[in-house]
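Trainee: Following this message is one structure expressed as structure tokens.
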Amino acid sequence: MNIDKNHIWHPYAKIPNKVPTYHVDSADGVYLSLKNGNRVIDGMSSWWSMIHGYNNSFINNAMKKQIDSVSHVMFGGLTHQPAIELCEKLIKITPQGLDKVFFADSGSVSVEVSLKMALQYWQNNGQKNKTHFVTPRGGYHGDTFGAMSVCDPKKGMHHLFNSVLAKNYFVTQPKTGNTVQALADFEKRLETSHSKIAAMILEPIVQGAGGMNIYDPKYLKGVRSLCDKFDVLLIVDEIATGFGRTGELFGCNHANISPDILCIGKALTGGYMTMAAAITNSKISDTVGVLMHGPTFMANPLSCSAANASIELLLKSNWQKRIGDIQSQLINELEPLKDEKSVYDVRVIGAIGVVELKEPLDMQISQEQLINCGVWLRPYGKLLYTMPPFIINDKELSKITYAMKEVVINQ
Ligand SMILES: *Cc1c(COP(=O)(O)O)cnc(C)c1O
């Protein structure tokens with residue numbers, strides 16, 4: 001009897017699972033040790049999150065210390081030092097004006113909270129028709145109902161639920177080279193519908209799970225000023241891009257803008273614990289007033305202690321130089337793949353390297369090829385991509401790009 005295959009639901013999978021799962025025994029640094037004896041480099045950082053690698057002694061010790069003090073306590077009516085410390089840190093590092101922090105337990109939940117904040121802001125502001133959202137096509141914001149309603153409606157994975165999802169507005173996807181067009185389309189939408197729109201929500205600079213699309217900071221800057229012009233709030237989803245991944249601490253920093261609400265998650269705890277946050281400014285919080293949301297595990301002290309340790313590690317490292325070096329190496333080693341006939345495009349920003357193929361990959365076959373090269377990546381559709389832990393060294397990163405090349409040339 002295979003419990004994993006026949007009884008456990010894996011992400012975006014069915015039971016029984018038709019693709020193999022690899023059993024992880026332990027993990028250290030950038031390496032995953034598999035039960036089948038393989039040791040592979042995690043080029044995914046466990047979905048953008050393990051920026052300092054696995055089994056990091058600094059984060060381990062911070063959490064062990066916290067366990068001996070208090071592991072969890074309800075946040076209704078009670079508070080604790082790890083949450084206060086984390087709040088202070090987040091105010092300091094996030095864009096200007098963002099200083100009201102709502103701790104959530106996953107990225108999707110932080111998106112739900114940000115949508116609720118925006119809706120409640122306009123309700124309390126007397127503009128009761130502002131009940132819709134606008135978002136660029138090709139986005140991904142999570143798997144819960146509010147989040148699904150702002151994911152790409154066609155290419156996204158949630159089209160099955162379209163009939164019950166809230167109806168929102170979708171505008172042209174920004175891509176390198178179409179900034180002016182994409183902004184014009186957004187402006188046209190606002191001209192006709194701004195009185196019904198509570199907020200624009202988007203991923204800054206890089207659209208992640210919706211297609212690994214990199215766009216020009218000018219689009220983000222333009223969106224900020226159009227939102228101001230038409231009285232529409234701006235929600236920026238930095239769940240994937242936050243904490244240095246794109247070469248700036250936050251994607252917003254590329255355009256030097258500040259959103260009305262910022263969502264963070266994934267790398268917040270260095271990948272150790274599930275935690276996210278929706279952070280806003282006093283203009284919003286003053287008008288919102290009481291927010292009817294309160295997860296059971298809100299601001300879990302163990303998660304806060306992991307986040308505090310992870311942020312401290314990041315800030316005291318020379319992360320900007322390291323990400324710059326990773327970016328140069330990814331460019332040097334992946335760009336030549338543009339000449340392969342199976343390759344449609346190669347895109348790199350910060351510690352993100354993407355190869356888009358002309359045809360979808362066979363996930364199972366390419367996964368086996370990658371494992372044989374000593375690398376863990378998770379190709380999806382036409383996309384083969386890496387976002388390695390920041391602690392990866394040059395040789396290990398070369399192993400990843402070599403493995404990607406092997407997959408590409410054996411298409
Ligand atoms: C992963 C992700 C989410 C959802 O976060 P979960 O923790 O999986 O709920 C939302 N937005 C973006 C941009 C993401 O990358």
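Just so we're on the same page: first chain in the structure tokens is A, next is B, and so on; residues restart at 1 for each chain, and ligands are numbered from 1 in the order they show up.
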I'd like the neighbourhood of Lys266 in chain A as a PyMOL selection string, where a residue qualifies if any of its atoms comes within 8 Å (using only C-alpha atoms), though same-chain residues fewer than 2 positions away should be ignored.
Mentor: chain A and resi 47-49+107+239-240+264+268-271+274-276
Trainee: Using all heavy atoms, can you export the residues from the last selection as a CSV table (one decimal), in the first residue's frame?
Mentor:
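Dumped to part.csv:
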chain,number,residue,atom,x,y,z
A,47,TRP,N,9.8,26.8,-3.6
A,47,TRP,CA,8.8,27.9,-4.1
A,47,TRP,C,9.2,29.2,-3.5
A,47,TRP,O,8.4,29.8,-2.7
A,47,TRP,CB,7.4,27.5,-3.8
A,47,TRP,CG,6.8,26.6,-4.8
A,47,TRP,CD1,7.1,26.5,-6.1
A,47,TRP,CD2,5.7,25.6,-4.7
A,47,TRP,NE1,6.4,25.6,-6.8
A,47,TRP,CE2,5.5,25.1,-6.0
A,47,TRP,CE3,4.9,25.2,-3.6
A,47,TRP,CZ2,4.5,24.1,-6.2
A,47,TRP,CZ3,3.9,24.3,-3.9
A,47,TRP,CH2,3.7,23.7,-5.1
A,48,TRP,N,10.3,29.7,-3.8
A,48,TRP,CA,10.8,31.1,-3.5
A,48,TRP,C,11.1,31.4,-2.1
A,48,TRP,O,11.5,32.5,-1.7
A,48,TRP,CB,9.7,32.2,-3.9
A,48,TRP,CG,9.1,32.1,-5.2
A,48,TRP,CD1,8.0,31.3,-5.5
A,48,TRP,CD2,9.4,32.9,-6.4
A,48,TRP,NE1,7.6,31.6,-6.8
A,48,TRP,CE2,8.4,32.5,-7.4
A,48,TRP,CE3,10.4,33.8,-6.7
A,48,TRP,CZ2,8.4,33.1,-8.6
A,48,TRP,CZ3,10.3,34.4,-7.9
A,48,TRP,CH2,9.4,34.0,-8.9
A,49,SER,N,11.0,30.4,-1.2
A,49,SER,CA,11.0,30.7,0.2
A,49,SER,C,12.3,30.5,1.0
A,49,SER,O,12.6,31.4,1.8
A,49,SER,CB,9.9,30.0,1.0
A,49,SER,OG,10.1,28.6,0.9
A,107,GLY,N,0.1,33.2,2.1
A,107,GLY,CA,0.1,34.3,1.1
A,107,GLY,C,-1.3,34.6,0.6
A,107,GLY,O,-1.8,35.7,0.5
A,239,ILE,N,4.5,38.7,-2.6
A,239,ILE,CA,4.7,37.4,-2.0
A,239,ILE,C,5.8,36.6,-2.6
A,239,ILE,O,6.6,36.0,-1.9
A,239,ILE,CB,3.4,36.6,-2.0
A,239,ILE,CG1,2.3,37.3,-1.1
A,239,ILE,CG2,3.5,35.2,-1.6
A,239,ILE,CD1,0.9,36.9,-1.3
A,240,ALA,N,6.0,36.7,-3.9
A,240,ALA,CA,7.1,36.0,-4.6
A,240,ALA,C,8.4,36.9,-4.7
A,240,ALA,O,9.5,36.5,-4.5
A,240,ALA,CB,6.7,35.5,-5.9
A,264,ILE,N,3.1,40.3,1.6
A,264,ILE,CA,4.3,39.6,1.6
A,264,ILE,C,4.1,38.2,2.2
A,264,ILE,O,3.1,38.0,2.9
A,264,ILE,CB,5.4,40.3,2.5
A,264,ILE,CG1,4.9,40.6,3.9
A,264,ILE,CG2,5.9,41.6,1.8
A,264,ILE,CD1,6.0,41.1,4.8
A,268,LEU,N,9.4,35.4,3.8
A,268,LEU,CA,9.3,36.1,5.0
A,268,LEU,C,10.0,35.4,6.2
A,268,LEU,O,10.7,36.0,7.0
A,268,LEU,CB,7.8,36.4,5.3
A,268,LEU,CG,7.4,37.0,6.7
A,268,LEU,CD1,8.1,38.4,6.9
A,268,LEU,CD2,5.9,37.2,6.8
A,269,THR,N,9.7,34.1,6.3
A,269,THR,CA,10.3,33.4,7.4
A,269,THR,C,11.6,32.6,7.0
A,269,THR,O,12.0,31.6,7.6
A,269,THR,CB,9.3,32.4,8.0
A,269,THR,OG1,9.0,31.4,7.0
A,269,THR,CG2,8.1,33.0,8.5
A,270,GLY,N,12.1,32.9,5.8
A,270,GLY,CA,13.3,32.2,5.3
A,270,GLY,C,12.8,30.8,4.9
A,270,GLY,O,13.6,29.8,4.8
A,271,GLY,N,11.5,30.6,4.7
A,271,GLY,CA,10.9,29.3,4.3
A,271,GLY,C,10.7,28.4,5.5
A,271,GLY,O,10.3,27.2,5.2
A,274,THR,N,5.0,28.8,7.9
A,274,THR,CA,4.0,29.5,7.0
A,274,THR,C,3.6,30.8,7.7
A,274,THR,O,3.1,30.8,8.8
A,274,THR,CB,2.7,28.6,6.8
A,274,THR,OG1,1.8,29.4,6.1
A,274,THR,CG2,2.1,28.0,8.0
A,275,MET,N,3.8,31.9,7.0
A,275,MET,CA,3.4,33.2,7.5
A,275,MET,C,3.4,34.2,6.3
A,275,MET,O,4.2,34.1,5.4
A,275,MET,CB,4.4,33.7,8.5
A,275,MET,CG,4.0,35.0,9.1
A,275,MET,SD,5.1,35.6,10.4
A,275,MET,CE,3.9,36.1,11.6
A,276,ALA,N,2.5,35.2,6.4
A,276,ALA,CA,2.4,36.2,5.4
A,276,ALA,C,1.9,37.5,6.2
A,276,ALA,O,1.7,37.5,7.4
A,276,ALA,CB,1.5,35.8,4.3
Trainee: From a DSSP calculation on the backbone, collect every residue of range 153-213 of chain A in alpha helix (DSSP H) and output the set as number ranges by chain.
Mentor: A: 179-193
Trainee: Please, which residues in range 22-123 of chain A fall within 7 Å of range 128-145 of chain A when counting only C-alpha atoms, and what is the closest atom pair and distance in Å to one decimal for each, ordered by chain then residue number, as JSON lines?
Mentor:
{"residue": "A:Gly107", "atom": "CA", "partner": "A:Gly142", "partner_atom": "CA", "distance": 6.9}
{"residue": "A:Ser108", "atom": "CA", "partner": "A:Gly142", "partner_atom": "CA", "distance": 4.7}
{"residue": "A:Val111", "atom": "CA", "partner": "A:His141", "partner_atom": "CA", "distance": 6.9}
{"residue": "A:Leu119", "atom": "CA", "partner": "A:Thr131", "partner_atom": "CA", "distance": 6.0}
{"residue": "A:Trp122", "atom": "CA", "partner": "A:Lys130", "partner_atom": "CA", "distance": 6.3}
{"residue": "A:Gln123", "atom": "CA", "partner": "A:Lys128", "partner_atom": "CA", "distance": 4.9}
Trainee: Could you write out that same residue set with N, CA and C atoms as a short mmCIF file (atom, residue, chain, number, x, y, z; two decimals), in the first residue's frame?
Mentor:
data_model
loop_
_atom_site.label_atom_id
_atom_site.label_comp_id
_atom_site.auth_asym_id
_atom_site.auth_seq_id
_atom_site.Cartn_x
_atom_site.Cartn_y
_atom_site.Cartn_z
N GLY A 107 0.15 33.25 2.06
CA GLY A 107 0.09 34.30 1.06
C GLY A 107 -1.34 34.57 0.59
N SER A 108 -2.06 33.49 0.28
CA SER A 108 -3.44 33.65 -0.20
C SER A 108 -4.28 34.42 0.82
N VAL A 111 -3.65 38.02 0.71
CA VAL A 111 -4.33 38.63 -0.44
C VAL A 111 -5.81 38.85 -0.12
N LEU A 119 -11.98 46.95 -0.04
CA LEU A 119 -13.45 47.06 -0.15
C LEU A 119 -14.01 47.87 1.02
N TRP A 122 -13.54 51.74 0.90
CA TRP A 122 -14.48 52.52 0.07
C TRP A 122 -15.88 52.50 0.65
N GLN A 123 -16.28 51.38 1.27
CA GLN A 123 -17.59 51.34 1.92
C GLN A 123 -17.67 52.42 3.00
#
Trainee: Excluding same-chain residues fewer than 2 positions from Ser366 in chain A, what lies within 10 Å of it counting only C-alpha atoms, as a list in words?
Mentor: Leu361, Asp362, Met363, Gln364, Glu368, Gln369, Leu370, Ile371, Asn372, Leu377, Arg378, Pro379, Leu384, Ala403, Met404, Glu406, Val407, Val408, Asn410 and Gln411 of chain A
Trainee: Of the residues A:Arg39, A:Lys218, A:His52, A:Lys154, which is the one nearest to Asn178 in chain A, using only C-alpha atoms?
Mentor: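 For Asn178 in chain A, the nearest of the given residues is A:Lys218.
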Trainee: Excluding Ser282 in chain A and any residue of its chain fewer than 2 positions from it, enumerate the residues within 10 Å of it, using only C-alpha atoms, and give them as a ChimeraX atom specification.
Mentor: /A:97-100,260,280,284-288
Trainee: Would you mind telling me which residue in A:Phe58, A:Phe297, A:Tyr169, A:Tyr31 lies nearest to Pro388 in chain A when using only C-alpha atoms?
Mentor: A:Tyr31
Trainee: Each residue of range 176-244 of chain A with at least one atom at most 12 Å from range 307-317 of chain A should appear once, together with its nearest atom pair and the corresponding distance in Å (one decimal); atoms considered: only C-alpha atoms; ordering: chain, then increasing residue number; output as a Markdown table.
Mentor:
| residue | atom | partner | partner_atom | distance |
| --- | --- | --- | --- | --- |
| A:Gly242 | CA | A:Ile311 | CA | 11.2 |
| A:Phe243 | CA | A:Leu314 | CA | 8.0 |
| A:Gly244 | CA | A:Leu314 | CA | 8.5 |
Trainee: Store the residues picked out above, limited to C-alpha atoms, as a JSON list (two decimals), in the first residue's frame.
Mentor:
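Written output follows (part-v2.json):
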[["chain", "number", "residue", "atom", "x", "y", "z"],
["A", 242, "GLY", "CA", 9.86, 40.30, -1.70],
["A", 243, "PHE", "CA", 13.09, 40.07, 0.31],
["A", 244, "GLY", "CA", 15.70, 40.66, -2.37]]
Trainee: When you look at Phe161 in chain A with a cut-off of 9 Å (counting only C-alpha atoms), what residues show up, excluding the ones that are within fewer than 2 positions of it in the same chain? I need them as a PyMOL selection string.
Mentor: chain A and resi 145+148-149+158-159+163-165
Trainee: Could you give me the residues within range 222-264 of chain A that DSSP places in strand (DSSP E or B), as a count of residues only?
Mentor: 9
Trainee: Just checking: using only C-alpha atoms, which residue out of A:Pro174, A:Gly247, A:Pro95, A:Gly353 ends up closest to Tyr215 in chain A?
Mentor: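 Between A:Pro174, A:Gly247, A:Pro95, A:Gly353, the residue approaching Tyr215 in chain A most closely is A:Pro174.
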Trainee: Extract, using only C-alpha atoms, all DNA, RNA and protein residues at most 9 Å from range 339-342 of chain A, discarding same-chain residues fewer than 4 positions from it, and format them as number ranges by chain.
Mentor: A: 335, 356-359, 408-409, 411
Trainee: Find the residues around Ile352 in chain A up to 8 Å (only C-alpha atoms counted), leave out those fewer than 3 positions away in its own chain, and share them as a VMD selection string.
Mentor: chain A and resid 245 to 246 327 330 348 to 349 385 to 388
Trainee: May I ask which of the residues A:Gln320, A:Val19, A:Met1, A:Cys151 is the closest one to Gly211 in chain A, counting only C-alpha atoms?
Mentor: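 Checking each of A:Gln320, A:Val19, A:Met1, A:Cys151 against Gly211 in chain A, counting only C-alpha atoms, the winner is A:Cys151.
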Trainee: Which residue is closest to ligand 1? Choose from A:Ala299, A:Ala118, A:Val70, A:Met212 and count only C-alpha atoms and all ligand atoms.
Mentor: A:Met212
Trainee: Tell me, in Å to one decimal, how far CA of His194 in chain A is from CA of Ala147 in chain A.
Mentor: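 Here the two named atoms are 20.5 Å from each other.
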Trainee: Using only C-alpha atoms and all ligand atoms, can you tell me which of A:Thr241, A:Asn38, A:Thr79, A:Ser114 comes closest to ligand 1?
Mentor: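 Ranked by minimum distance to ligand 1, first place goes to A:Thr241.
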Trainee: What gap, in Å, lies between CA of Ser398 in chain A and CA of Pro336 in chain A?
Mentor: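 Calculated distance between CA of Ser398 in chain A and CA of Pro336 in chain A is 13.6 Å.
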Trainee: Measure the distance from CA of Leu190 in chain A to CA of Pro259 in chain A in Å and round it to one decimal.
Mentor: 17.4 Å
